[in-house]
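Colleague: Got a file for you: upload-v8.txt, compact mmCIF, C-alpha atoms and all ligand atoms.
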# COMPACT_ATOMS: atom_id res chain seq x y z
CA MET A 1 11.72 -73.08 -23.69
CA GLY A 2 8.64 -72.96 -21.52
CA LYS A 3 5.67 -70.63 -21.43
CA ILE A 4 4.83 -69.65 -17.87
CA LEU A 5 1.40 -68.09 -17.31
CA CYS A 6 1.17 -66.34 -13.99
CA VAL A 7 -2.07 -64.91 -12.56
CA LEU A 8 -1.55 -62.37 -9.77
CA PHE A 9 -3.71 -59.86 -7.97
CA PRO A 10 -3.85 -56.29 -9.37
CA ASP A 11 -1.36 -53.61 -8.31
CA PRO A 12 -2.23 -51.22 -5.48
CA LYS A 13 -4.69 -48.49 -6.49
CA THR A 14 -2.09 -46.00 -5.26
CA GLY A 15 0.53 -47.28 -7.70
CA TYR A 16 3.52 -49.62 -7.68
CA PRO A 17 5.77 -49.88 -5.79
CA PRO A 18 3.99 -48.82 -2.60
CA GLU A 19 5.67 -46.90 0.18
CA TYR A 20 6.74 -49.58 2.65
CA ALA A 21 6.12 -49.21 6.39
CA ARG A 22 9.35 -51.02 7.31
CA ASP A 23 12.76 -51.48 5.75
CA THR A 24 13.30 -55.16 6.53
CA ILE A 25 11.48 -58.31 7.56
CA PRO A 26 12.82 -60.88 10.04
CA VAL A 27 14.70 -63.82 8.57
CA ILE A 28 12.88 -67.05 9.41
CA ALA A 29 15.41 -69.87 9.56
CA GLY A 30 13.02 -72.83 9.50
CA TYR A 31 9.49 -74.01 10.26
CA PRO A 32 8.24 -75.43 13.58
CA ASN A 33 8.13 -79.04 12.31
CA GLY A 34 11.74 -78.91 11.13
CA GLN A 35 10.90 -78.34 7.45
CA THR A 36 13.38 -76.01 5.81
CA VAL A 37 12.36 -72.71 4.23
CA PRO A 38 12.39 -72.37 0.42
CA SER A 39 15.87 -72.62 -1.02
CA PRO A 40 15.94 -71.67 -4.70
CA ARG A 41 19.32 -71.65 -6.41
CA GLY A 42 20.97 -68.32 -7.17
CA LYS A 43 19.76 -64.84 -6.38
CA LEU A 44 16.13 -64.00 -5.64
CA GLY A 45 14.58 -61.56 -8.10
CA PHE A 46 13.28 -59.36 -5.27
CA GLN A 47 14.13 -58.04 -1.82
CA PRO A 48 12.24 -59.90 0.94
CA GLY A 49 9.60 -57.48 2.21
CA GLU A 50 8.67 -56.16 -1.24
CA LEU A 51 5.15 -56.50 -2.63
CA VAL A 52 5.68 -59.30 -5.13
CA GLY A 53 2.23 -60.94 -5.18
CA CYS A 54 0.71 -58.31 -7.52
CA VAL A 55 1.10 -58.03 -11.28
CA SER A 56 4.06 -55.60 -11.24
CA GLY A 57 5.76 -57.65 -8.53
CA GLU A 58 5.73 -60.75 -10.81
CA LEU A 59 6.71 -62.86 -7.77
CA GLY A 60 10.23 -61.70 -8.64
CA LEU A 61 10.39 -64.47 -11.25
CA ARG A 62 11.39 -62.53 -14.37
CA PRO A 63 15.18 -62.35 -13.89
CA TYR A 64 15.50 -66.14 -13.55
CA LEU A 65 13.02 -66.98 -16.32
CA ALA A 66 14.36 -64.39 -18.77
CA SER A 67 17.97 -65.44 -18.24
CA HIS A 68 16.99 -69.02 -19.07
CA GLY A 69 15.00 -68.03 -22.17
CA HIS A 70 11.52 -68.78 -20.86
CA GLU A 71 8.45 -66.69 -21.63
CA LEU A 72 6.62 -65.16 -18.66
CA ILE A 73 3.10 -63.78 -19.04
CA VAL A 74 1.66 -62.05 -15.96
CA THR A 75 -1.95 -60.97 -15.74
CA SER A 76 -4.76 -60.42 -13.28
CA ASP A 77 -7.41 -60.87 -15.99
CA LYS A 78 -8.57 -64.37 -15.11
CA ASP A 79 -12.35 -64.75 -15.41
CA GLY A 80 -14.56 -65.16 -18.43
CA GLU A 81 -13.96 -66.74 -21.84
CA ASN A 82 -12.14 -63.76 -23.26
CA SER A 83 -9.87 -63.24 -20.30
CA GLU A 84 -6.16 -62.94 -20.93
CA PHE A 85 -5.75 -66.10 -18.85
CA ASP A 86 -8.03 -68.07 -21.19
CA ARG A 87 -6.31 -66.67 -24.26
CA HIS A 88 -2.87 -67.80 -23.11
CA LEU A 89 -3.88 -71.06 -21.43
CA PRO A 90 -3.78 -73.37 -24.51
CA GLY A 91 -0.04 -72.67 -25.01
CA ALA A 92 1.03 -72.59 -21.36
CA ASP A 93 3.41 -75.19 -19.92
CA VAL A 94 3.04 -73.88 -16.38
CA VAL A 95 0.23 -71.98 -14.68
CA ILE A 96 1.02 -70.13 -11.46
CA SER A 97 -1.82 -68.79 -9.37
CA GLN A 98 -2.34 -67.57 -5.82
CA PRO A 99 -5.36 -68.58 -3.70
CA PHE A 100 -5.99 -64.87 -2.96
CA TRP A 101 -6.83 -64.23 -6.62
CA PRO A 102 -7.37 -67.72 -7.90
CA ALA A 103 -7.27 -68.66 -11.56
CA TYR A 104 -9.88 -71.42 -11.39
CA LEU A 105 -8.43 -74.35 -13.32
CA THR A 106 -11.64 -76.22 -13.98
CA ALA A 107 -11.85 -79.56 -15.82
CA GLU A 108 -12.91 -77.65 -18.97
CA ARG A 109 -9.93 -75.33 -18.79
CA ILE A 110 -7.54 -78.22 -18.10
CA ALA A 111 -8.92 -80.02 -21.17
CA LYS A 112 -8.10 -76.93 -23.28
CA ALA A 113 -4.61 -76.56 -21.80
CA LYS A 114 -2.97 -79.14 -24.01
CA ASN A 115 0.62 -78.21 -23.05
CA LEU A 116 0.01 -77.82 -19.33
CA LYS A 117 2.39 -79.86 -17.19
CA LEU A 118 2.50 -77.97 -13.89
CA ALA A 119 -0.14 -76.03 -11.93
CA LEU A 120 1.79 -74.24 -9.23
CA THR A 121 0.09 -72.56 -6.29
CA ALA A 122 2.10 -69.62 -5.00
CA GLY A 123 0.84 -70.17 -1.46
CA ILE A 124 -1.12 -73.00 0.11
CA GLY A 125 -4.42 -74.59 -0.93
CA SER A 126 -4.84 -75.92 -4.46
CA ASP A 127 -8.62 -76.33 -4.42
CA HIS A 128 -8.91 -73.78 -7.26
CA VAL A 129 -7.49 -76.58 -9.43
CA ASP A 130 -9.77 -79.50 -10.30
CA LEU A 131 -7.37 -82.06 -8.82
CA LYS A 132 -9.06 -85.05 -10.41
CA ALA A 133 -8.89 -83.48 -13.87
CA ALA A 134 -5.25 -82.56 -13.24
CA ALA A 135 -4.48 -86.15 -12.22
CA ASP A 136 -6.33 -87.53 -15.27
CA HIS A 137 -4.40 -85.21 -17.64
CA GLY A 138 -1.00 -85.92 -16.06
CA VAL A 139 -0.66 -82.36 -14.73
CA THR A 140 1.52 -82.03 -11.63
CA VAL A 141 0.04 -79.79 -8.92
CA ALA A 142 2.37 -78.27 -6.34
CA GLU A 143 2.12 -75.62 -3.64
CA VAL A 144 4.52 -73.97 -1.22
CA THR A 145 3.62 -75.89 1.93
CA PHE A 146 4.19 -74.02 5.22
CA SER A 147 5.14 -70.76 3.45
CA ASN A 148 2.31 -68.75 4.99
CA SER A 149 0.89 -71.10 7.64
CA ILE A 150 2.10 -68.94 10.51
CA SER A 151 0.83 -65.79 8.74
CA VAL A 152 -2.64 -67.37 8.75
CA ALA A 153 -2.37 -68.62 12.34
CA GLU A 154 -1.63 -65.06 13.48
CA HIS A 155 -4.66 -63.81 11.56
CA VAL A 156 -6.87 -66.42 13.25
CA VAL A 157 -5.72 -65.32 16.70
CA MET A 158 -6.39 -61.69 15.75
CA THR A 159 -9.88 -62.56 14.51
CA VAL A 160 -10.74 -64.61 17.62
CA LEU A 161 -9.86 -61.67 19.85
CA SER A 162 -11.49 -59.10 17.56
CA LEU A 163 -14.81 -60.95 17.57
CA VAL A 164 -14.93 -61.96 21.23
CA ARG A 165 -13.83 -58.50 22.46
CA ASN A 166 -16.10 -56.69 19.95
CA TYR A 167 -13.09 -54.79 18.66
CA LEU A 168 -14.26 -53.77 15.17
CA PRO A 169 -17.55 -52.05 16.14
CA SER A 170 -15.76 -50.32 19.03
CA HIS A 171 -13.07 -49.06 16.64
CA GLU A 172 -15.84 -47.67 14.43
CA VAL A 173 -17.26 -45.78 17.43
CA ALA A 174 -13.85 -44.19 18.05
CA ASN A 175 -13.40 -43.41 14.33
CA ASN A 176 -16.78 -41.71 14.22
CA GLY A 177 -16.05 -39.39 17.13
CA GLY A 178 -18.17 -41.31 19.65
CA TRP A 179 -17.63 -42.45 23.25
CA ASP A 180 -20.51 -44.92 23.50
CA ILE A 181 -19.03 -47.32 25.99
CA ALA A 182 -22.21 -49.22 26.76
CA ASP A 183 -22.78 -49.85 23.05
CA CYS A 184 -19.21 -51.11 22.66
CA VAL A 185 -19.15 -53.43 25.66
CA SER A 186 -22.62 -54.93 25.46
CA ARG A 187 -21.18 -57.61 23.13
CA SER A 188 -17.66 -57.77 24.60
CA TYR A 189 -16.34 -60.78 26.55
CA ASP A 190 -13.02 -62.14 27.81
CA LEU A 191 -11.61 -65.13 25.95
CA GLU A 192 -10.15 -66.50 29.18
CA GLY A 193 -11.95 -69.64 30.31
CA MET A 194 -13.76 -70.22 27.00
CA HIS A 195 -13.60 -73.50 25.06
CA PHE A 196 -11.75 -73.10 21.79
CA GLY A 197 -11.71 -75.84 19.18
CA THR A 198 -10.06 -76.26 15.79
CA ILE A 199 -11.36 -78.50 13.07
CA ALA A 200 -8.13 -79.72 11.49
CA ALA A 201 -4.91 -79.50 13.45
CA GLY A 202 -2.45 -79.45 10.58
CA ARG A 203 0.25 -76.84 10.18
CA ILE A 204 -2.06 -73.87 10.73
CA GLY A 205 -4.50 -75.49 13.16
CA LEU A 206 -1.72 -76.62 15.48
CA ALA A 207 0.02 -73.23 15.29
CA VAL A 208 -3.26 -71.60 16.35
CA LEU A 209 -3.62 -73.97 19.31
CA ARG A 210 -0.07 -73.18 20.40
CA ARG A 211 -0.66 -69.43 20.14
CA LEU A 212 -3.90 -69.55 22.12
CA LYS A 213 -2.53 -71.69 24.95
CA PRO A 214 -1.29 -68.65 26.98
CA PHE A 215 -4.80 -67.18 26.97
CA ASP A 216 -5.91 -69.84 29.48
CA VAL A 217 -8.63 -71.29 27.29
CA HIS A 218 -9.69 -74.94 27.14
CA LEU A 219 -8.31 -76.31 23.87
CA HIS A 220 -10.10 -78.87 21.68
CA TYR A 221 -9.45 -80.32 18.24
CA TYR A 222 -10.76 -82.70 15.61
CA ASP A 223 -8.52 -84.09 12.87
CA PRO A 224 -8.72 -87.36 10.93
CA HIS A 225 -5.37 -88.25 12.55
CA ARG A 226 -4.61 -87.65 16.22
CA LEU A 227 -1.66 -85.51 17.19
CA PRO A 228 1.20 -87.20 19.07
CA ALA A 229 0.42 -87.87 22.74
CA ASN A 230 3.16 -85.50 23.92
CA VAL A 231 1.61 -82.62 21.96
CA GLU A 232 -1.86 -83.38 23.36
CA LYS A 233 -0.33 -83.37 26.84
CA GLU A 234 1.74 -80.21 26.37
CA LEU A 235 -1.29 -78.23 25.21
CA ASN A 236 -3.82 -80.07 27.41
CA LEU A 237 -5.91 -80.85 24.34
CA THR A 238 -9.28 -82.56 24.25
CA TYR A 239 -9.62 -84.70 21.12
CA HIS A 240 -13.04 -85.20 19.52
CA SER A 241 -13.63 -88.06 17.12
CA THR A 242 -16.07 -86.04 14.97
CA PRO A 243 -16.48 -82.34 14.11
CA GLN A 244 -20.05 -82.61 15.42
CA ASP A 245 -18.84 -83.60 18.92
CA LEU A 246 -16.47 -80.62 18.95
CA VAL A 247 -18.96 -77.96 17.87
CA LYS A 248 -21.39 -78.93 20.66
CA VAL A 249 -18.98 -77.94 23.43
CA CYS A 250 -16.90 -75.09 22.02
CA ASP A 251 -17.49 -71.34 22.37
CA VAL A 252 -15.07 -70.44 19.59
CA ILE A 253 -14.49 -72.68 16.57
CA ASN A 254 -11.73 -72.43 13.99
CA LEU A 255 -12.13 -74.07 10.62
CA GLN A 256 -8.81 -75.11 9.05
CA THR A 257 -9.66 -78.03 6.80
CA PRO A 258 -8.63 -78.15 3.14
CA LEU A 259 -11.50 -77.87 0.66
CA TYR A 260 -12.22 -80.93 -1.45
CA PRO A 261 -15.53 -82.38 -2.66
CA SER A 262 -16.56 -84.02 0.63
CA THR A 263 -15.64 -81.06 2.85
CA GLU A 264 -17.69 -78.59 0.78
CA HIS A 265 -20.51 -77.10 2.95
CA MET A 266 -19.30 -78.97 6.03
CA PHE A 267 -20.85 -76.09 7.99
CA ASP A 268 -24.53 -76.00 7.08
CA ASP A 269 -27.80 -75.46 8.97
CA LYS A 270 -27.47 -78.94 10.53
CA MET A 271 -24.02 -78.20 11.91
CA PHE A 272 -25.07 -74.79 13.24
CA ALA A 273 -28.07 -76.40 14.97
CA LEU A 274 -25.64 -78.44 17.13
CA MET A 275 -23.80 -75.37 18.46
CA LYS A 276 -24.37 -73.38 21.62
CA ARG A 277 -26.13 -70.05 21.13
CA GLY A 278 -23.52 -67.34 20.74
CA THR A 279 -20.70 -69.41 19.23
CA TYR A 280 -17.96 -67.63 17.26
CA LEU A 281 -16.76 -69.19 13.99
CA ILE A 282 -13.51 -68.31 12.26
CA ASN A 283 -12.78 -69.54 8.76
CA THR A 284 -9.50 -68.77 7.04
CA ALA A 285 -9.48 -72.12 5.23
CA ARG A 286 -11.92 -71.81 2.31
CA GLY A 287 -15.27 -70.05 1.85
CA LYS A 288 -16.98 -73.09 0.36
CA LEU A 289 -16.46 -75.09 3.56
CA CYS A 290 -19.50 -73.12 4.77
CA ASP A 291 -22.93 -72.86 3.26
CA ARG A 292 -23.00 -69.13 2.48
CA ASP A 293 -26.62 -68.46 3.40
CA ALA A 294 -26.60 -70.76 6.46
CA VAL A 295 -23.85 -68.53 7.92
CA VAL A 296 -26.03 -65.46 7.42
CA ARG A 297 -29.01 -67.21 9.02
CA ALA A 298 -26.92 -68.34 12.00
CA LEU A 299 -25.72 -64.77 12.62
CA GLU A 300 -29.19 -63.33 12.27
CA SER A 301 -30.69 -65.89 14.68
CA GLY A 302 -27.94 -65.39 17.27
CA LYS A 303 -26.71 -69.00 16.98
CA LEU A 304 -23.45 -67.41 15.91
CA ALA A 305 -22.29 -64.39 17.93
CA GLY A 306 -19.67 -63.64 15.28
CA TYR A 307 -18.12 -64.93 12.05
CA GLY A 308 -14.75 -63.85 10.78
CA GLY A 309 -12.12 -64.77 8.25
CA ASP A 310 -10.77 -63.96 4.84
CA VAL A 311 -12.01 -66.67 2.49
CA TRP A 312 -15.01 -66.37 0.17
CA PHE A 313 -16.50 -67.98 -2.91
CA PRO A 314 -16.02 -66.90 -5.59
CA GLN A 315 -12.94 -64.72 -5.32
CA PRO A 316 -12.97 -61.83 -5.76
CA ALA A 317 -16.35 -61.81 -4.01
CA PRO A 318 -19.04 -59.84 -5.84
CA ALA A 319 -19.98 -56.46 -4.35
CA ASP A 320 -23.35 -57.84 -3.22
CA HIS A 321 -21.96 -60.95 -1.49
CA PRO A 322 -24.04 -61.22 1.74
CA TRP A 323 -20.95 -61.81 3.90
CA ARG A 324 -19.95 -58.18 3.26
CA THR A 325 -23.00 -56.86 5.08
CA MET A 326 -24.17 -59.61 7.47
CA PRO A 327 -24.17 -58.63 11.16
CA HIS A 328 -21.33 -59.28 13.63
CA GLN A 329 -18.72 -60.23 11.07
CA GLY A 330 -15.02 -59.59 10.85
CA MET A 331 -14.51 -60.38 7.18
CA VAL A 332 -11.59 -59.09 5.12
CA PRO A 333 -10.56 -59.89 1.54
CA HIS A 334 -8.35 -62.97 1.22
CA ILE A 335 -5.21 -61.54 2.82
CA SER A 336 -4.19 -63.59 5.83
CA GLY A 337 -1.52 -65.57 3.98
CA ALA A 338 -0.44 -62.67 1.79
CA SER A 339 1.44 -60.53 4.32
CA LEU A 340 4.70 -59.19 2.88
CA SER A 341 6.43 -61.74 5.13
CA GLY A 342 4.35 -64.59 3.69
CA GLN A 343 4.87 -63.33 0.14
CA ALA A 344 8.66 -63.45 0.52
CA ARG A 345 8.47 -67.14 1.42
CA TYR A 346 5.91 -68.26 -1.12
CA ALA A 347 7.63 -66.32 -3.93
CA ALA A 348 10.95 -67.97 -3.06
CA GLY A 349 9.20 -71.36 -2.92
CA THR A 350 7.59 -70.74 -6.31
CA LEU A 351 11.03 -70.07 -7.79
CA GLU A 352 12.37 -73.24 -6.17
CA VAL A 353 9.60 -75.40 -7.68
CA LEU A 354 9.98 -73.72 -11.10
CA GLN A 355 13.71 -74.39 -11.08
CA ASN A 356 13.02 -78.04 -10.21
CA PHE A 357 10.49 -78.36 -13.00
CA LEU A 358 12.44 -76.50 -15.69
CA GLU A 359 15.81 -78.05 -14.83
CA GLY A 360 14.48 -81.58 -14.33
CA THR A 361 15.23 -82.00 -10.63
CA PRO A 362 12.73 -83.45 -8.14
CA ILE A 363 10.17 -81.22 -6.44
CA ARG A 364 10.20 -81.72 -2.65
CA PRO A 365 7.48 -84.22 -1.63
CA GLU A 366 6.08 -81.72 0.88
CA TYR A 367 5.30 -79.37 -2.02
CA LEU A 368 3.51 -82.02 -4.14
CA ILE A 369 -0.29 -82.27 -4.24
CA VAL A 370 -0.82 -84.28 -7.45
CA ASP A 371 1.87 -86.09 -9.40
CA ALA A 372 2.00 -88.94 -11.90
CA GLY A 373 -1.77 -89.20 -12.12
CA ASN A 374 -2.58 -89.31 -8.40
CA LEU A 375 -2.47 -87.44 -5.12
CA ALA A 376 1.12 -87.27 -3.93
CA GLY A 377 3.26 -85.90 -1.09
CA THR A 378 1.32 -83.45 1.11
CA GLY A 379 -1.67 -83.88 -1.19
CA ALA A 380 -1.93 -87.57 -0.33
CA ASN A 381 -2.37 -86.64 3.34
CA SER A 382 -4.51 -83.52 3.15
CA TYR A 383 -6.78 -83.96 0.10
CA LYS A 384 -9.21 -86.49 -1.32
CA LEU A 385 -10.22 -86.63 -4.97
CA ALA A 386 -13.90 -87.09 -4.01
P1 LIG B 401 -2.17 -78.94 6.39
O1 LIG B 401 -2.15 -79.86 5.22
O2 LIG B 401 -0.98 -78.85 7.26
O3 LIG B 401 -3.38 -79.29 7.35
C1 LIG B 401 -4.63 -79.70 6.90
C2 LIG B 401 -5.20 -80.57 7.98
O4 LIG B 401 -6.56 -80.85 7.62
C3 LIG B 401 -4.49 -81.92 8.09
O5 LIG B 401 -4.14 -82.13 9.45
C4 LIG B 401 -5.55 -82.89 7.62
O6 LIG B 401 -5.56 -84.09 8.34
C5 LIG B 401 -6.81 -82.17 8.00
N1 LIG B 401 -8.00 -82.66 7.29
C6 LIG B 401 -8.10 -83.21 6.07
N2 LIG B 401 -9.38 -83.54 5.83
C7 LIG B 401 -10.09 -83.17 6.92
C8 LIG B 401 -11.47 -83.26 7.28
N3 LIG B 401 -12.37 -83.80 6.45
N4 LIG B 401 -11.85 -82.79 8.48
C9 LIG B 401 -10.94 -82.26 9.33
N5 LIG B 401 -9.63 -82.17 9.04
C10 LIG B 401 -9.21 -82.62 7.85
O7 LIG B 401 -2.56 -77.51 5.80
P2 LIG B 401 -2.43 -76.08 6.48
O8 LIG B 401 -2.76 -76.18 7.92
O9 LIG B 401 -1.17 -75.42 6.07
O10 LIG B 401 -3.61 -75.34 5.69
C11 LIG B 401 -4.96 -75.74 5.84
C12 LIG B 401 -5.82 -75.00 4.84
O11 LIG B 401 -5.80 -73.61 5.14
C13 LIG B 401 -5.32 -75.08 3.40
O12 LIG B 401 -5.76 -76.25 2.76
C14 LIG B 401 -5.93 -73.85 2.79
O13 LIG B 401 -7.22 -74.15 2.30
C15 LIG B 401 -6.05 -72.89 3.95
N6 LIG B 401 -5.06 -71.78 3.84
C16 LIG B 401 -5.56 -70.51 3.80
C17 LIG B 401 -4.71 -69.44 3.67
C18 LIG B 401 -5.22 -68.04 3.69
O14 LIG B 401 -4.52 -67.13 3.26
N7 LIG B 401 -6.42 -67.81 4.17
C19 LIG B 401 -3.25 -69.63 3.49
C20 LIG B 401 -2.83 -71.00 3.68
C21 LIG B 401 -3.73 -72.03 3.79
P3 LIG B 401 -4.49 -85.30 8.20
O15 LIG B 401 -3.34 -84.79 7.37
O16 LIG B 401 -4.17 -85.58 9.63
O17 LIG B 401 -5.25 -86.36 7.52
Any chance you could give the structure as structure tokens?
Modeller:
Amino acid sequence: MGKILCVLFPDPKTGYPPEYARDTIPVIAGYPNGQTVPSPRGKLGFQPGELVGCVSGELGLRPYLASHGHELIVTSDKDGENSEFDRHLPGADVVISQPFWPAYLTAERIAKAKNLKLALTAGIGSDHVDLKAAADHGVTVAEVTFSNSISVAEHVVMTVLSLVRNYLPSHEVANNGGWDIADCVSRSYDLEGMHFGTIAAGRIGLAVLRRLKPFDVHLHYYDPHRLPANVEKELNLTYHSTPQDLVKVCDVINLQTPLYPSTEHMFDDKMFALMKRGTYLINTARGKLCDRDAVVRALESGKLAGYGGDVWFPQPAPADHPWRTMPHQGMVPHISGASLSGQARYAAGTLEVLQNFLEGTPIRPEYLIVDAGNLAGTGANSYKLA
């Protein structure tokens, strides 16, 4: 019998369950690259569309785990030596965590987790796990690839438009009873005709490019591997062989690279110095891809006209994190991949991987990040250990 330790974000302040805005969510039959959606065996322990990513939602895992005699501990208390997470970690066989409320599985914690065999990310992005330490200790790391990629791509498009059109300050004017049109429009532009570039054109980056195509922008990308020629042609893409080449020519830049040691602080003062004055930067990948204070400086100097996204370091961000109060920002807590639609898919994928692990059947390669002491599956393409 296994001990499953699951770290989820706290319940809504208004209580659980919330009152839902809609009764159903659309059924997504498959992903754009042909990958199939999660397919756990048996019944799901929740109705798609329910809030399952918080503690009371339990990712809908309890019915399956209880009926198979496994122990499930669910907590949001994850930081500090006396956290509930730390107390249960030494006996846990599986740790489940979401990037939105990450249980940081550092090398020290992995060393203490003597029974740990699987670190499962309910979502995408396993940088909260020290992948090298996991590989060295024989811990498998898996995530639910593609589950919320489109959720994030939609958020990127929303943020691009919000920043360029100066939506958020204008909304504030309306909320506050004002009609100050000149104040609203003095930082408002059309996206049409601008140069938009994405750094990384993986599942999310490519979905963003596809969604922005109808806005009649010039599309650019950098990725270690070029997209197929027919995709470049279809979207009329300009490929850049380095991120530096891309940032020099783009008006709006989207950052969609996984975080690993050599991508940390990819956007620093040197990178900002290459950009045009008034560039917009969107980051829904990971907060640590940017040097925190360099972002603030770039906004204050006008190098950046706007910065938006949902990823911070650490998470939750402290109340005095400068990104909460810096000018011209469209920051939100880490939510883009946690829509109720995204939750339904990553919770189902989490159950699928758990069933594989507990019943001894193979985990799909597209869900694997680390396995048998090395990067594996999707992890072998998207991550580096250094
Ligand atoms: P993918 O694995 O599909 O794409 C990642 C892309 O990054 C790949 O094309 C990879 O290139 C490329 N890449 C790797 N290293 C570099 C580098 N040094 N510079 C530029 N590109 C690089 O992942 P997704 O698109 O699904 O997700 C991307 C990231 O977005 C995740 O790692 C995660 O951090 C974040 N994310 C955030 C969410 C949120 O809620 N905010 C939710 C989901 C994901 P190649 O494979 O060609 O080598």
Colleague: From the options A:Gly69, A:Pro322, A:Gly202, A:Gly197, which residue's atoms come nearest to ligand LIG 401 (chain B), counting all atoms listed in the file?
Modeller: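 Distance minimum relative to ligand LIG 401 (chain B) lands on A:Gly202.
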Colleague: Enumerate residues in contact with ligand LIG 401 (chain B): an atom-to-atom distance of at most 7 Å, counting all atoms listed in the file. Format the result as an mmCIF file with C-alpha atoms, in the frame of the given file.
Modeller:
data_model
loop_
_atom_site.group_PDB
_atom_site.id
_atom_site.type_symbol
_atom_site.label_atom_id
_atom_site.label_comp_id
_atom_site.auth_asym_id
_atom_site.auth_seq_id
_atom_site.Cartn_x
_atom_site.Cartn_y
_atom_site.Cartn_z
ATOM 1 C CA PHE A 100 -5.990 -64.870 -2.960
ATOM 2 C CA GLY A 123 0.840 -70.170 -1.460
ATOM 3 C CA ILE A 124 -1.120 -73.000 0.110
ATOM 4 C CA GLY A 125 -4.420 -74.590 -0.930
ATOM 5 C CA THR A 145 3.620 -75.890 1.930
ATOM 6 C CA PHE A 146 4.190 -74.020 5.220
ATOM 7 C CA ASN A 148 2.310 -68.750 4.990
ATOM 8 C CA SER A 149 0.890 -71.100 7.640
ATOM 9 C CA VAL A 152 -2.640 -67.370 8.750
ATOM 10 C CA ILE A 199 -11.360 -78.500 13.070
ATOM 11 C CA ALA A 200 -8.130 -79.720 11.490
ATOM 12 C CA ALA A 201 -4.910 -79.500 13.450
ATOM 13 C CA GLY A 202 -2.450 -79.450 10.580
ATOM 14 C CA ARG A 203 0.250 -76.840 10.180
ATOM 15 C CA ILE A 204 -2.060 -73.870 10.730
ATOM 16 C CA GLY A 205 -4.500 -75.490 13.160
ATOM 17 C CA TYR A 222 -10.760 -82.700 15.610
ATOM 18 C CA ASP A 223 -8.520 -84.090 12.870
ATOM 19 C CA PRO A 224 -8.720 -87.360 10.930
ATOM 20 C CA HIS A 225 -5.370 -88.250 12.550
ATOM 21 C CA ARG A 226 -4.610 -87.650 16.220
ATOM 22 C CA GLN A 256 -8.810 -75.110 9.050
ATOM 23 C CA THR A 257 -9.660 -78.030 6.800
ATOM 24 C CA PRO A 258 -8.630 -78.150 3.140
ATOM 25 C CA LEU A 259 -11.500 -77.870 0.660
ATOM 26 C CA THR A 263 -15.640 -81.060 2.850
ATOM 27 C CA THR A 284 -9.500 -68.770 7.040
ATOM 28 C CA ALA A 285 -9.480 -72.120 5.230
ATOM 29 C CA ARG A 286 -11.920 -71.810 2.310
ATOM 30 C CA ASP A 310 -10.770 -63.960 4.840
ATOM 31 C CA VAL A 311 -12.010 -66.670 2.490
ATOM 32 C CA HIS A 334 -8.350 -62.970 1.220
ATOM 33 C CA ILE A 335 -5.210 -61.540 2.820
ATOM 34 C CA SER A 336 -4.190 -63.590 5.830
ATOM 35 C CA GLY A 337 -1.520 -65.570 3.980
ATOM 36 C CA ALA A 338 -0.440 -62.670 1.790
ATOM 37 C CA THR A 378 1.320 -83.450 1.110
ATOM 38 C CA ASN A 381 -2.370 -86.640 3.340
ATOM 39 C CA SER A 382 -4.510 -83.520 3.150
ATOM 40 C CA TYR A 383 -6.780 -83.960 0.100
#
Colleague: Measuring atom to atom with all atoms listed in the file, identify which of A:Ala66, A:Ala319, A:Leu209, A:Ala298 is nearest to Asn254 (chain A).
Modeller: A:Leu209
Colleague: So that I can check the surroundings of Thr350 (chain A), please list as a PyMOL selection string every protein, DNA and RNA residue that reaches within 9 Å of it, counting all atoms listed in the file and ignoring chain neighbours fewer than 2 positions away.
Modeller: chain A and resi 38+40+59+61+96+120-123+143-144+345-348+352-355
Colleague: Pick from A:Asp93, A:Glu108, A:Asp269, A:Glu359: nearest to Val296 (chain A), with only C-alpha atoms counted?
Modeller: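 Looking at the shortest contact to Val296 (chain A), the residue is A:Asp269.
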Colleague: Hey, which of A:Phe46, A:Phe215, A:Trp179, A:Phe267 ends up closest to Val160 (chain A)? Count only C-alpha atoms.
Modeller: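 Of A:Phe46, A:Phe215, A:Trp179, A:Phe267, the one nearest Val160 (chain A), counting only C-alpha atoms, is A:Phe215.
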Colleague: Which residue gives the smallest distance to Leu44 (chain A) among A:Ile363, A:Ile110, A:Leu351, A:Val94, with only C-alpha atoms counted?
Modeller: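 Of all the options, A:Leu351 lies closest to Leu44 (chain A).
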Colleague: Tell me, in Å to one decimal, how far CA of Lys233 (chain A) is from CA of Gln35 (chain A).
Modeller: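 CA of Lys233 (chain A) sits 23.0 Å away from CA of Gln35 (chain A).
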Colleague: So for region 177-191 of chain A, what box centre and size do we get, axis-aligned, 3 Å extra on each of the six sides, every listed atom, Å to one decimal, as JSON?
Modeller:
{"center_x": -17.2, "center_y": -52.3, "center_z": 22.5, "size_x": 17.2, "size_y": 31.7, "size_z": 16.7}
Colleague: Pick out the residues sitting within 9 Å of Asp130 (chain A), and hand them over as a PyMOL selection string; count all atoms listed in the file, and ignore anything fewer than 5 positions along from it in its own chain.
Modeller: chain A and resi 104-107+110+135+385
